[in-house]
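**Q** Pasting protein_5.txt below, which is compact mmCIF, C-alpha atoms and all ligand atoms.
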```txt
# COMPACT_ATOMS: atom_id res chain seq x y z
CA MET A 13 126.89 99.84 106.33
CA MET A 14 125.09 98.00 103.59
CA LEU A 15 127.26 99.30 100.77
CA ALA A 16 130.55 101.14 101.15
CA ILE A 17 132.31 102.44 98.04
CA ARG A 18 135.72 104.03 98.49
CA GLY A 19 137.98 105.70 95.95
CA LEU A 20 136.19 103.95 93.11
CA THR A 21 137.95 104.61 89.78
CA LYS A 22 137.35 103.52 86.20
CA HIS A 23 138.99 104.97 83.10
CA PHE A 24 138.01 104.20 79.52
CA GLY A 25 141.00 105.19 77.42
CA GLY A 26 141.48 108.84 78.24
CA ILE A 27 138.04 109.26 79.83
CA ARG A 28 137.89 109.31 83.60
CA ALA A 29 134.38 107.89 83.76
CA VAL A 30 134.58 107.36 87.54
CA ASP A 31 137.33 109.11 89.40
CA GLY A 32 137.77 108.45 93.12
CA VAL A 33 134.13 108.13 94.14
CA ASP A 34 133.18 107.57 97.79
CA LEU A 35 129.59 106.58 98.50
CA THR A 36 127.97 104.77 101.41
CA LEU A 37 124.51 103.40 101.97
CA ALA A 38 123.28 102.57 105.45
CA LYS A 39 120.71 99.81 105.87
CA GLY A 40 117.29 101.00 104.72
CA GLU A 41 118.47 104.27 103.23
CA LEU A 42 117.24 105.71 99.97
CA VAL A 43 120.02 107.76 98.39
CA GLY A 44 119.83 109.63 95.10
CA LEU A 45 122.72 109.79 92.66
CA ILE A 46 122.31 112.67 90.25
CA GLY A 47 124.46 114.54 87.75
CA PRO A 48 124.52 115.63 84.13
CA ASN A 49 124.67 113.13 81.28
CA GLY A 50 128.03 111.42 81.00
CA SER A 51 129.05 112.23 84.58
CA GLY A 52 129.67 108.55 85.44
CA LYS A 53 126.50 107.48 87.28
CA THR A 54 125.76 104.36 85.25
CA THR A 55 129.41 103.36 85.34
CA VAL A 56 129.21 103.34 89.15
CA PHE A 57 126.35 100.83 88.86
CA ASN A 58 128.28 98.76 86.31
CA LEU A 59 131.23 98.58 88.68
CA VAL A 60 129.12 97.64 91.71
CA THR A 61 127.23 94.93 89.80
CA GLY A 62 130.36 93.41 88.26
CA ILE A 63 129.65 94.36 84.64
CA CYS A 64 133.01 96.05 84.57
CA ARG A 65 135.98 95.91 86.89
CA PRO A 66 137.33 98.98 88.66
CA ASP A 67 140.85 100.28 88.03
CA GLY A 68 141.01 101.27 91.68
CA GLY A 69 139.09 101.55 94.91
CA SER A 70 136.93 99.20 96.93
CA ILE A 71 133.29 98.12 96.99
CA LEU A 72 132.08 96.44 100.16
CA PHE A 73 128.62 94.91 100.44
CA GLU A 74 127.93 94.01 104.05
CA GLU A 75 131.70 94.06 104.64
CA LYS A 76 132.38 91.67 101.75
CA SER A 77 134.35 92.86 98.72
CA LEU A 78 132.48 92.67 95.42
CA VAL A 79 135.49 93.53 93.26
CA GLY A 80 136.28 90.73 90.81
CA LEU A 81 133.05 88.79 91.42
CA SER A 82 130.77 87.92 88.49
CA PRO A 83 127.47 89.79 88.00
CA HIS A 84 125.62 86.55 88.79
CA ARG A 85 127.50 86.05 92.06
CA ILE A 86 126.93 89.67 93.09
CA ASN A 87 123.23 89.29 92.38
CA ARG A 88 123.09 86.12 94.47
CA LEU A 89 124.76 87.92 97.35
CA GLY A 90 121.85 90.39 97.38
CA VAL A 91 122.45 93.26 94.97
CA ALA A 92 120.01 93.78 92.09
CA ARG A 93 119.62 96.53 89.54
CA THR A 94 117.53 97.88 86.71
CA PHE A 95 118.89 99.42 83.52
CA GLN A 96 118.61 102.87 82.01
CA ASN A 97 117.38 101.20 78.81
CA ILE A 98 114.79 98.65 79.89
CA ARG A 99 116.05 95.08 79.64
CA LEU A 100 113.32 92.48 79.43
CA PHE A 101 112.75 89.31 77.48
CA ARG A 102 110.48 91.21 75.15
CA ASN A 103 109.04 88.14 73.41
CA LEU A 104 108.18 86.27 76.60
CA THR A 105 105.14 86.76 78.79
CA VAL A 106 105.12 89.02 81.82
CA MET A 107 104.94 85.95 84.07
CA ASP A 108 107.88 84.20 82.41
CA ASN A 109 110.01 87.30 82.74
CA VAL A 110 109.59 87.20 86.52
CA ARG A 111 109.95 83.40 86.68
CA ILE A 112 113.27 83.47 84.90
CA ALA A 113 114.60 86.03 87.35
CA HIS A 114 113.50 83.79 90.24
CA HIS A 115 115.25 80.83 88.69
CA SER A 116 118.63 82.45 89.16
CA HIS A 117 118.07 81.72 92.84
CA LEU A 118 117.03 78.10 92.64
CA GLU A 119 118.58 75.55 94.91
CA TYR A 120 118.17 72.53 92.69
CA GLY A 121 120.78 71.71 90.04
CA PRO A 122 120.26 70.75 86.40
CA VAL A 123 120.21 67.03 87.23
CA SER A 124 117.26 67.29 89.57
CA ALA A 125 115.51 69.52 87.03
CA LEU A 126 116.03 66.91 84.33
CA CYS A 127 114.92 64.05 86.56
CA ARG A 128 111.92 66.00 87.89
CA THR A 129 112.56 64.99 91.46
CA GLY A 130 110.20 65.84 94.30
CA ARG A 131 112.40 68.72 95.28
CA PHE A 132 112.16 70.14 91.78
CA TYR A 133 108.37 70.12 91.88
CA ARG A 134 108.22 71.56 95.38
CA GLU A 135 110.46 74.41 94.37
CA GLU A 136 108.55 75.01 91.16
CA ILE A 137 105.33 75.38 93.13
CA GLU A 138 106.98 77.73 95.58
CA ILE A 139 108.34 79.83 92.73
CA GLN A 140 104.99 80.01 91.05
CA GLU A 141 103.50 81.34 94.29
CA LYS A 142 106.24 83.94 94.65
CA VAL A 143 105.83 85.02 91.04
CA GLU A 144 102.07 85.42 91.43
CA ASN A 145 102.61 87.35 94.62
CA LEU A 146 105.07 89.76 93.03
CA LEU A 147 102.82 90.29 90.02
CA SER A 148 99.90 91.17 92.23
CA ILE A 149 101.98 93.62 94.29
CA PHE A 150 103.00 95.26 91.03
CA LEU A 151 99.40 95.26 89.79
CA LEU A 152 100.48 93.22 86.80
CA GLN A 153 98.49 90.07 87.55
CA ASN A 154 95.91 90.86 84.89
CA ARG A 155 98.63 91.13 82.32
CA LYS A 156 100.59 88.03 83.24
CA TYR A 157 99.97 86.21 79.94
CA GLU A 158 100.72 89.28 77.84
CA ILE A 159 103.97 89.60 75.92
CA ALA A 160 106.35 91.88 77.82
CA GLY A 161 107.24 93.93 74.75
CA SER A 162 103.60 94.86 74.19
CA LEU A 163 103.06 96.42 77.65
CA PRO A 164 102.70 100.19 78.02
CA TYR A 165 106.00 101.80 78.84
CA GLY A 166 105.23 102.44 82.52
CA ASP A 167 104.32 98.78 83.03
CA GLN A 168 107.54 97.65 81.36
CA ARG A 169 109.45 99.75 83.88
CA LYS A 170 107.49 98.14 86.72
CA LEU A 171 108.11 94.69 85.29
CA GLU A 172 111.81 95.39 85.22
CA ILE A 173 111.71 96.32 88.91
CA ALA A 174 109.66 93.20 89.62
CA ARG A 175 112.34 91.12 87.90
CA ALA A 176 115.03 92.72 90.04
CA LEU A 177 113.03 92.05 93.22
CA ALA A 178 112.43 88.43 92.20
CA THR A 179 116.09 87.81 92.97
CA GLU A 180 115.36 88.84 96.58
CA PRO A 181 117.95 91.60 96.91
CA ARG A 182 118.75 93.66 99.95
CA VAL A 183 120.26 96.46 97.91
CA LEU A 184 118.43 97.72 94.83
CA LEU A 185 120.10 99.98 92.27
CA LEU A 186 117.66 101.83 90.02
CA ASP A 187 119.08 103.51 86.91
CA GLU A 188 116.74 106.30 85.77
CA PRO A 189 113.53 104.35 86.39
CA ALA A 190 111.36 107.31 85.37
CA ALA A 191 113.09 107.92 82.03
CA GLY A 192 110.51 108.35 79.27
CA MET A 193 107.52 108.51 81.63
CA ASN A 194 104.90 111.23 81.67
CA PRO A 195 104.45 113.28 84.89
CA ASN A 196 101.45 111.21 85.95
CA GLU A 197 103.40 107.96 85.60
CA VAL A 198 106.39 109.50 87.42
CA GLY A 199 104.22 110.35 90.42
CA LYS A 200 102.88 106.81 90.60
CA LEU A 201 106.34 105.35 90.22
CA MET A 202 107.65 107.43 93.13
CA GLU A 203 104.93 106.13 95.42
CA PHE A 204 105.53 102.68 94.16
CA ILE A 205 109.27 102.71 94.85
CA LEU A 206 108.64 104.02 98.37
CA GLY A 207 106.12 101.22 98.93
CA MET A 208 108.58 98.57 97.72
CA ARG A 209 111.24 99.93 99.99
CA GLU A 210 109.02 99.50 103.05
CA ARG A 211 107.63 96.17 102.07
CA PHE A 212 110.91 94.49 101.20
CA ARG A 213 113.08 96.48 103.63
CA LEU A 214 115.25 97.58 100.77
CA THR A 215 118.27 99.81 100.70
CA ILE A 216 118.07 101.81 97.47
CA LEU A 217 120.48 103.82 95.36
CA LEU A 218 118.51 105.75 92.77
CA ILE A 219 120.04 107.35 89.69
CA GLU A 220 117.69 109.94 88.35
CA HIS A 221 117.75 112.76 85.91
CA GLN A 222 114.31 114.10 86.80
CA MET A 223 114.92 116.25 89.84
CA ARG A 224 111.31 116.23 90.94
CA LEU A 225 111.59 112.53 91.59
CA VAL A 226 114.80 112.54 93.64
CA MET A 227 114.12 115.75 95.51
CA GLY A 228 110.80 114.45 96.72
CA MET A 229 111.81 111.02 97.86
CA CYS A 230 115.52 110.71 98.68
CA GLN A 231 116.95 111.26 102.12
CA ARG A 232 120.38 112.18 100.85
CA LEU A 233 121.81 113.04 97.47
CA ALA A 234 125.22 112.75 95.89
CA VAL A 235 125.94 114.75 92.75
CA MET A 236 128.45 113.62 90.16
CA ASP A 237 130.21 115.64 87.50
CA PHE A 238 133.09 114.43 85.31
CA GLY A 239 133.44 111.20 87.28
CA GLN A 240 133.66 112.83 90.69
CA VAL A 241 131.21 113.52 93.51
CA ILE A 242 131.02 117.32 93.57
CA ALA A 243 128.38 117.68 96.26
CA ARG A 244 126.45 115.66 98.79
CA GLY A 245 123.76 116.51 101.28
CA LEU A 246 120.05 116.91 101.88
CA PRO A 247 117.84 117.68 98.87
CA ASP A 248 117.35 121.30 99.99
CA GLU A 249 121.08 121.85 100.37
CA ILE A 250 121.75 120.39 96.93
CA ARG A 251 119.11 122.57 95.30
CA GLU A 252 121.01 125.67 96.39
CA ASN A 253 124.52 124.40 95.82
CA SER A 254 126.26 126.63 93.28
CA LYS A 255 128.59 123.87 92.04
CA VAL A 256 125.57 121.73 91.26
CA ILE A 257 123.73 124.50 89.46
CA GLU A 258 126.85 125.17 87.42
CA ALA A 259 127.28 121.49 86.53
CA TYR A 260 123.75 121.42 85.18
CA LEU A 261 124.09 124.66 83.19
CA GLY A 262 123.15 124.15 79.59
CA GLU A 263 120.84 121.27 80.42
CA ASP A 264 117.08 121.50 80.50
CA VAL A 265 115.38 122.88 83.61
CA PRO A 266 117.24 120.96 86.30
CA PHE A 267 115.17 121.71 89.39
CA GLU A 268 111.56 121.45 88.31
P1 LIG B 1 125.93 108.77 83.10
O1 LIG B 1 125.24 107.50 83.48
O2 LIG B 1 126.17 109.68 84.26
O3 LIG B 1 125.24 109.49 81.99
P2 LIG B 1 128.04 107.02 82.16
O4 LIG B 1 128.52 106.32 83.37
O5 LIG B 1 127.15 106.27 81.25
O6 LIG B 1 127.40 108.42 82.56
O7 LIG B 1 129.28 107.49 81.30
C1 LIG B 1 130.39 108.20 81.86
C2 LIG B 1 131.46 108.37 80.78
O8 LIG B 1 132.09 107.11 80.52
C3 LIG B 1 130.92 108.86 79.45
O9 LIG B 1 131.86 109.72 78.88
C4 LIG B 1 130.78 107.58 78.66
O10 LIG B 1 130.87 107.83 77.28
C5 LIG B 1 131.96 106.76 79.16
N1 LIG B 1 131.72 105.31 79.11
C6 LIG B 1 130.79 104.63 79.84
N2 LIG B 1 130.85 103.31 79.58
C7 LIG B 1 131.86 103.15 78.67
C8 LIG B 1 132.40 102.01 78.00
N3 LIG B 1 131.97 100.77 78.24
N4 LIG B 1 133.41 102.23 77.13
C9 LIG B 1 133.88 103.48 76.91
N5 LIG B 1 133.40 104.59 77.50
C10 LIG B 1 132.40 104.43 78.37
MG MG B 2 123.46 106.70 82.79
```
Rewrite the structure from the file as structure tokens, please.

**A**
Amino acid sequence: MMLAIRGLTKHFGGIRAVDGVDLTLAKGELVGLIGPNGSGKTTVFNLVTGICRPDGGSILFEEKSLVGLSPHRINRLGVARTFQNIRLFRNLTVMDNVRIAHHSHLEYGPVSALCRTGRFYREEIEIQEKVENLLSIFLLQNRKYEIAGSLPYGDQRKLEIARALATEPRVLLLDEPAAGMNPNEVGKLMEFILGMRERFRLTILLIEHQMRLVMGMCQRLAVMDFGQVIARGLPDEIRENSKVIEAYLGEDVPFE
């Protein structure tokens, strides 16, 4: 198991945001986490990545507990994420956004950086190569000197994924990566995520609201409603699950 979540619970005042969630990811799997707005999906990510601390339950990453560790530490162990609302350094260039993410993994300390030792320069050169490499995989090399905030929306989403991958994760958590994209961009993003998964041998947990995206690409799905997992299974099973259809009632066209 890459990631094993058991009995995960988080309450905010009277709200049971996450209420006894079990979820496992085997190495290399791509699992979709779906559910109506407010069902607790993002909170699961916040708990796994150390942004907030669970009230109960366990989170094991490669057998090691993540509960109580800082977001930085969890990222260094090999778990990276993107956010529902894109988080970039909007005023920095595309290249600097990726560089900064890489720097969280540097071996040299502040002293060697200040003194510009040989090791510092060697690592800087290595990082520059990795950054260029990532940018070309993401087809962003021609935009590397552009300001991140000025990129088209779809490219900002890709840049955010590139930043997450710059930290060299084994598990990638994507929070609604297709939000705000047009159907054409969504199709490209799907292919892109599948390509990344192969290339970097990633294990991926994908939160998505657009059913077309998850149904087409995930091997398994878990559906949340009111903080609990109400269904799990293959995409075709989920599509016909009456509890799931009921949970989505009142929302726009769930299974397009
Ligand atoms: P989803 O991502 O499925 O839309 P969230 O995990 O964002 O759902 O939210 C689940 C519930 O928890 C919602 O009712 C939300 O308002 C609440 N919630 C999430 N984060 C916080 C927080 N930091 N403080 C208080 N309530 C929160
Ligand atoms: Mg959310």

**Q** So that I can see what lies close to range 174-183 of chain A, please list as a JSON list (two decimals) with C-alpha atoms, in the frame of the given file the residues with an atom at most 7 Å from it, counting only C-alpha atoms and leaving out residues fewer than 4 positions away in the same chain.

**A**
```json
[["chain", "number", "residue", "atom", "x", "y", "z"],
["A", 90, "GLY", "CA", 121.85, 90.39, 97.38],
["A", 91, "VAL", "CA", 122.45, 93.26, 94.97],
["A", 92, "ALA", "CA", 120.01, 93.78, 92.09],
["A", 93, "ARG", "CA", 119.62, 96.53, 89.54],
["A", 94, "THR", "CA", 117.53, 97.88, 86.71],
["A", 109, "ASN", "CA", 110.01, 87.30, 82.74],
["A", 110, "VAL", "CA", 109.59, 87.20, 86.52],
["A", 113, "ALA", "CA", 114.60, 86.03, 87.35],
["A", 114, "HIS", "CA", 113.50, 83.79, 90.24],
["A", 117, "HIS", "CA", 118.07, 81.72, 92.84],
["A", 146, "LEU", "CA", 105.07, 89.76, 93.03],
["A", 170, "LYS", "CA", 107.49, 98.14, 86.72],
["A", 214, "LEU", "CA", 115.25, 97.58, 100.77],
["A", 215, "THR", "CA", 118.27, 99.81, 100.70],
["A", 216, "ILE", "CA", 118.07, 101.81, 97.47]]
```

**Q** Name each residue within 9 Å of ligand MG 2 (chain B), counting only C-alpha atoms and all ligand atoms, as JSON, numbers by chain.

**A** {"A": [49, 50, 51, 52, 53, 54, 55, 57, 95, 96, 187, 188, 219, 220, 221]}

**Q** Identify the residues around (130.6, 115.4, 94.7) within a radius of 10 Å, measuring from all atoms listed in the file in the coordinates stated by the file, and give them as an MDAnalysis selection string.

**A** chainID A and resid 33:35 45:47 233:245 255:256

**Q** To one decimal in Å, tell me the separation between CA of Ile86 in chain A and CA of Ile98 in chain A.

**A**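 Pair CA of Ile86 in chain A / CA of Ile98 in chain A returns 20.1 Å.
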
**Q** Can you work out the spacing between CA of Leu171 in chain A and CA of Glu210 in chain A in Å, to one decimal?

**A**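 Those two atoms sit 18.4 Å apart.
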
**Q** What is the CA of Glu144 in chain A-CA of Gly40 in chain A distance in Å, reported with one decimal?

**A**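 A separation of 25.5 Å between them.
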
**Q** Residues near Ser70 in chain A, anyone? I mean within 7 Å using only C-alpha atoms, not counting same-chain ones fewer than 2 positions away, as a list in words.

**A**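 After dropping sequence-adjacent residues, the list is Ile17, Arg18, Gly19, Leu20, Gly68, Leu72 and Val79 of chain A.
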